[in-house]
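Undergrad: Supplied structure: run_21.cif, mmCIF, N, CA and C atoms.
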data_entry
loop_
_atom_site.label_atom_id
_atom_site.label_comp_id
_atom_site.auth_asym_id
_atom_site.auth_seq_id
_atom_site.Cartn_x
_atom_site.Cartn_y
_atom_site.Cartn_z
N MET E 81 1.30 21.33 -34.44
CA MET E 81 2.46 21.60 -35.25
C MET E 81 1.99 22.35 -36.49
N THR E 82 2.71 23.39 -36.81
CA THR E 82 2.36 24.23 -37.95
C THR E 82 3.42 24.09 -39.03
N SER E 83 3.00 23.72 -40.23
CA SER E 83 3.92 23.65 -41.36
C SER E 83 4.14 25.05 -41.89
N ILE E 84 5.36 25.34 -42.25
CA ILE E 84 5.71 26.67 -42.76
C ILE E 84 6.09 26.53 -44.22
N GLU E 85 5.54 27.39 -45.06
CA GLU E 85 5.82 27.32 -46.49
C GLU E 85 7.27 27.71 -46.76
N VAL E 86 7.95 26.84 -47.48
CA VAL E 86 9.35 27.06 -47.82
C VAL E 86 9.40 27.78 -49.17
N PRO E 87 10.16 28.87 -49.28
CA PRO E 87 10.27 29.57 -50.57
C PRO E 87 10.74 28.62 -51.68
N TYR E 88 10.27 28.88 -52.89
CA TYR E 88 10.56 28.00 -54.04
C TYR E 88 12.06 27.81 -54.25
N SER E 89 12.84 28.87 -54.12
CA SER E 89 14.28 28.76 -54.37
C SER E 89 14.93 27.76 -53.42
N ILE E 90 14.44 27.70 -52.19
CA ILE E 90 14.98 26.76 -51.22
C ILE E 90 14.42 25.36 -51.47
N ALA E 91 13.13 25.27 -51.76
CA ALA E 91 12.50 23.97 -52.02
C ALA E 91 13.13 23.29 -53.24
N ALA E 92 13.54 24.08 -54.25
CA ALA E 92 14.16 23.50 -55.43
C ALA E 92 15.53 22.90 -55.09
N ALA E 93 16.27 23.55 -54.21
CA ALA E 93 17.60 23.06 -53.84
C ALA E 93 17.52 21.93 -52.81
N LEU E 94 16.50 21.98 -51.95
CA LEU E 94 16.34 20.99 -50.88
C LEU E 94 14.91 20.44 -50.93
N PRO E 95 14.60 19.58 -51.91
CA PRO E 95 13.22 19.14 -52.11
C PRO E 95 12.61 18.35 -50.95
N THR E 96 13.41 17.78 -50.08
CA THR E 96 12.85 17.01 -48.97
C THR E 96 12.77 17.82 -47.68
N LEU E 97 13.12 19.10 -47.74
CA LEU E 97 13.09 19.95 -46.55
C LEU E 97 11.65 20.24 -46.12
N SER E 98 11.38 20.02 -44.85
CA SER E 98 10.11 20.41 -44.24
C SER E 98 10.44 21.30 -43.05
N VAL E 99 9.74 22.40 -42.95
CA VAL E 99 9.96 23.31 -41.83
C VAL E 99 8.68 23.33 -41.01
N MET E 100 8.81 22.99 -39.73
CA MET E 100 7.67 22.92 -38.84
C MET E 100 7.92 23.79 -37.62
N ASP E 101 6.89 24.51 -37.20
CA ASP E 101 6.95 25.29 -35.97
C ASP E 101 6.35 24.42 -34.88
N VAL E 102 7.18 23.93 -33.98
CA VAL E 102 6.72 23.04 -32.90
C VAL E 102 6.65 23.77 -31.56
N THR E 103 6.77 25.08 -31.58
CA THR E 103 6.80 25.88 -30.36
C THR E 103 5.61 25.59 -29.45
N ASN E 104 4.41 25.65 -29.99
CA ASN E 104 3.21 25.44 -29.17
C ASN E 104 3.13 24.02 -28.65
N ASP E 105 3.50 23.03 -29.47
CA ASP E 105 3.47 21.64 -29.03
C ASP E 105 4.43 21.41 -27.87
N VAL E 106 5.62 21.95 -27.98
CA VAL E 106 6.61 21.79 -26.91
C VAL E 106 6.15 22.51 -25.65
N ALA E 107 5.63 23.72 -25.79
CA ALA E 107 5.15 24.47 -24.63
C ALA E 107 4.03 23.73 -23.91
N GLN E 108 3.11 23.14 -24.66
CA GLN E 108 2.01 22.39 -24.04
C GLN E 108 2.53 21.14 -23.33
N THR E 109 3.46 20.43 -23.95
CA THR E 109 4.02 19.22 -23.33
C THR E 109 4.76 19.57 -22.04
N VAL E 110 5.53 20.64 -22.08
CA VAL E 110 6.26 21.07 -20.89
C VAL E 110 5.27 21.48 -19.80
N ALA E 111 4.23 22.20 -20.15
CA ALA E 111 3.23 22.62 -19.17
C ALA E 111 2.55 21.42 -18.52
N ARG E 112 2.21 20.40 -19.33
CA ARG E 112 1.56 19.20 -18.79
C ARG E 112 2.50 18.41 -17.88
N SER E 113 3.82 18.55 -18.08
CA SER E 113 4.77 17.77 -17.27
C SER E 113 4.80 18.25 -15.82
N GLY E 114 4.37 19.48 -15.58
CA GLY E 114 4.39 20.02 -14.24
C GLY E 114 5.76 20.54 -13.81
N ARG E 115 6.72 20.44 -14.65
CA ARG E 115 8.07 20.92 -14.32
C ARG E 115 8.11 22.43 -14.44
N LYS E 116 8.87 23.05 -13.56
CA LYS E 116 9.01 24.51 -13.58
C LYS E 116 10.39 24.93 -14.08
N GLU E 117 11.35 24.01 -14.07
CA GLU E 117 12.71 24.32 -14.53
C GLU E 117 13.25 23.11 -15.29
N GLY E 118 14.25 23.36 -16.13
CA GLY E 118 14.91 22.26 -16.82
C GLY E 118 15.13 22.55 -18.30
N ILE E 119 15.48 21.52 -19.00
CA ILE E 119 15.76 21.60 -20.44
C ILE E 119 14.86 20.61 -21.15
N ALA E 120 14.23 21.03 -22.23
CA ALA E 120 13.41 20.14 -23.04
C ALA E 120 14.28 19.64 -24.20
N TYR E 121 14.42 18.34 -24.30
CA TYR E 121 15.18 17.75 -25.41
C TYR E 121 14.20 17.36 -26.51
N ILE E 122 14.44 17.85 -27.70
CA ILE E 122 13.58 17.59 -28.85
C ILE E 122 14.35 16.68 -29.81
N HIS E 123 13.73 15.59 -30.24
CA HIS E 123 14.41 14.67 -31.16
C HIS E 123 13.39 14.03 -32.09
N VAL E 124 13.88 13.42 -33.14
CA VAL E 124 13.04 12.66 -34.05
C VAL E 124 13.52 11.22 -34.06
N ALA E 125 12.61 10.30 -34.26
CA ALA E 125 12.95 8.88 -34.23
C ALA E 125 13.58 8.41 -35.54
N HIS E 126 13.28 9.05 -36.63
CA HIS E 126 13.79 8.61 -37.94
C HIS E 126 15.27 8.95 -38.06
N SER E 127 16.05 8.01 -38.51
CA SER E 127 17.50 8.20 -38.57
C SER E 127 17.94 9.22 -39.62
N ARG E 128 17.10 9.50 -40.61
CA ARG E 128 17.49 10.45 -41.65
C ARG E 128 16.83 11.80 -41.46
N SER E 129 16.38 12.07 -40.27
CA SER E 129 15.74 13.35 -39.97
C SER E 129 16.65 14.18 -39.08
N LEU E 130 16.33 15.45 -39.00
CA LEU E 130 17.13 16.39 -38.24
C LEU E 130 16.21 17.43 -37.60
N VAL E 131 16.51 17.77 -36.38
CA VAL E 131 15.81 18.87 -35.72
C VAL E 131 16.79 20.01 -35.61
N ARG E 132 16.40 21.15 -36.10
CA ARG E 132 17.24 22.36 -36.00
C ARG E 132 16.41 23.39 -35.27
N ILE E 133 16.92 23.88 -34.18
CA ILE E 133 16.21 24.90 -33.43
C ILE E 133 16.61 26.27 -33.97
N GLN E 134 15.63 27.03 -34.35
CA GLN E 134 15.88 28.34 -34.93
C GLN E 134 14.92 29.34 -34.30
N GLU E 135 15.45 30.44 -33.86
CA GLU E 135 14.61 31.49 -33.32
C GLU E 135 13.66 31.99 -34.41
N ARG E 136 12.42 32.28 -34.01
CA ARG E 136 11.47 32.82 -34.98
C ARG E 136 11.89 34.24 -35.34
N GLU E 137 12.37 34.41 -36.55
CA GLU E 137 12.74 35.74 -37.02
C GLU E 137 12.55 35.80 -38.52
N THR E 138 12.24 36.97 -39.00
CA THR E 138 11.83 37.13 -40.39
C THR E 138 12.94 36.87 -41.40
N GLY E 139 14.18 37.01 -41.02
CA GLY E 139 15.27 36.85 -41.98
C GLY E 139 15.79 35.44 -42.15
N PHE E 140 15.16 34.45 -41.51
CA PHE E 140 15.67 33.08 -41.57
C PHE E 140 15.77 32.56 -43.00
N PHE E 141 14.69 32.65 -43.77
CA PHE E 141 14.70 32.11 -45.12
C PHE E 141 15.65 32.88 -46.03
N GLU E 142 15.77 34.18 -45.83
CA GLU E 142 16.72 34.96 -46.63
C GLU E 142 18.15 34.50 -46.34
N ASP E 143 18.45 34.26 -45.06
CA ASP E 143 19.77 33.76 -44.70
C ASP E 143 20.03 32.38 -45.30
N LEU E 144 19.02 31.52 -45.27
CA LEU E 144 19.17 30.18 -45.84
C LEU E 144 19.36 30.25 -47.35
N GLU E 145 18.63 31.14 -48.03
CA GLU E 145 18.82 31.31 -49.47
C GLU E 145 20.24 31.76 -49.78
N GLY E 146 20.77 32.69 -49.00
CA GLY E 146 22.15 33.15 -49.20
C GLY E 146 23.15 32.03 -49.02
N LEU E 147 22.94 31.21 -48.00
CA LEU E 147 23.82 30.06 -47.76
C LEU E 147 23.77 29.09 -48.93
N LEU E 148 22.58 28.78 -49.40
CA LEU E 148 22.44 27.84 -50.52
C LEU E 148 23.09 28.37 -51.80
N GLU E 149 22.99 29.68 -52.03
CA GLU E 149 23.62 30.27 -53.20
C GLU E 149 25.13 30.08 -53.17
N ARG E 150 25.69 30.09 -51.96
CA ARG E 150 27.14 29.92 -51.82
C ARG E 150 27.59 28.47 -51.93
N ILE E 151 26.76 27.50 -51.51
CA ILE E 151 27.22 26.12 -51.45
C ILE E 151 26.64 25.19 -52.49
N VAL E 152 25.52 25.56 -53.13
CA VAL E 152 24.90 24.70 -54.13
C VAL E 152 25.16 25.30 -55.51
N PRO E 153 25.79 24.52 -56.39
CA PRO E 153 26.05 25.04 -57.74
C PRO E 153 24.75 25.33 -58.49
N SER E 154 24.76 26.40 -59.30
CA SER E 154 23.54 26.75 -60.04
C SER E 154 23.39 25.91 -61.29
#
The structure given in the file should be rewritten as structure tokens.

TA:
Amino acid sequence: MTSIEVPYSIAAALPTLSVMDVTNDVAQTVARSGRKEGIAYIHVAHSRSLVRIQERETGFFEDLEGLLERIVPS
């Protein structure tokens, strides 16, 4: 699992946010399962956690900053 640095503007608004790239971990687990088809369900055991699947793309944090500017008072 790779931790991804969250820009300061987002970290200030969401101090408990952690962004992790689990792509390789999921791919390895699926490969070890021997399955060739299906759906991988990703979840966390902690009740106050959330898994959000996001395509790897460069504009993600810029989009999140724009969203926060609209919904979080300055």

Undergrad: Tell me which protein, DNA and RNA residues are within 8 Å of stretch 136-146 of chain E, counting only N, CA and C atoms, leaving out same-chain ones fewer than 2 positions away, and put them as a list in words.

TA: Val86, Pro87, Ser89, Ile90, Ile133, Gln134, Leu148, Glu149, Arg150 and Ile151 of chain E

Undergrad: Can you list, as a ChimeraX atom specification, all residues belonging to chain E that DSSP tags as alpha helix (DSSP H)?

TA: /E:88-93,103-113,140-151

Undergrad: Counting all atoms listed in the file, figure out which residue out of E:Asp101, E:Pro95, E:Leu130, E:Val106 gets nearest to E:Ser83.

TA: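 Smallest distance to E:Ser83 is found for E:Asp101.
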
Undergrad: Based on DSSP run over this structure's backbone, return all residues of chain E in strand (DSSP E or B), as a VMD selection string.

TA: chain E and resid 82 to 84 99 to 101

Undergrad: Which residues are close to E:Glu85, i.e. within 8 Å by all atoms listed in the file, leaving aside same-chain residues fewer than 3 positions away? Reply as a ChimeraX atom specification.

TA: /E:82,88,99-100

Undergrad: Suppose you want the space between atom CA of E:Val152 and atom N of E:Val124; what is it in Å?

TA: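 Those two atoms sit 26.3 Å apart.
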
Undergrad: Which value, in Å to one decimal, gives the distance between atom CA of E:Thr96 and atom CA of E:Met81?

TA: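 Separation between atom CA of E:Thr96 and atom CA of E:Met81: 17.8 Å.
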
Undergrad: Please, what distance in Å, to one decimal, runs between atom CA of E:Leu94 and atom CA of E:Ile122?

TA: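 Answer for the atom CA of E:Leu94 to atom CA of E:Ile122 separation: 22.5 Å.
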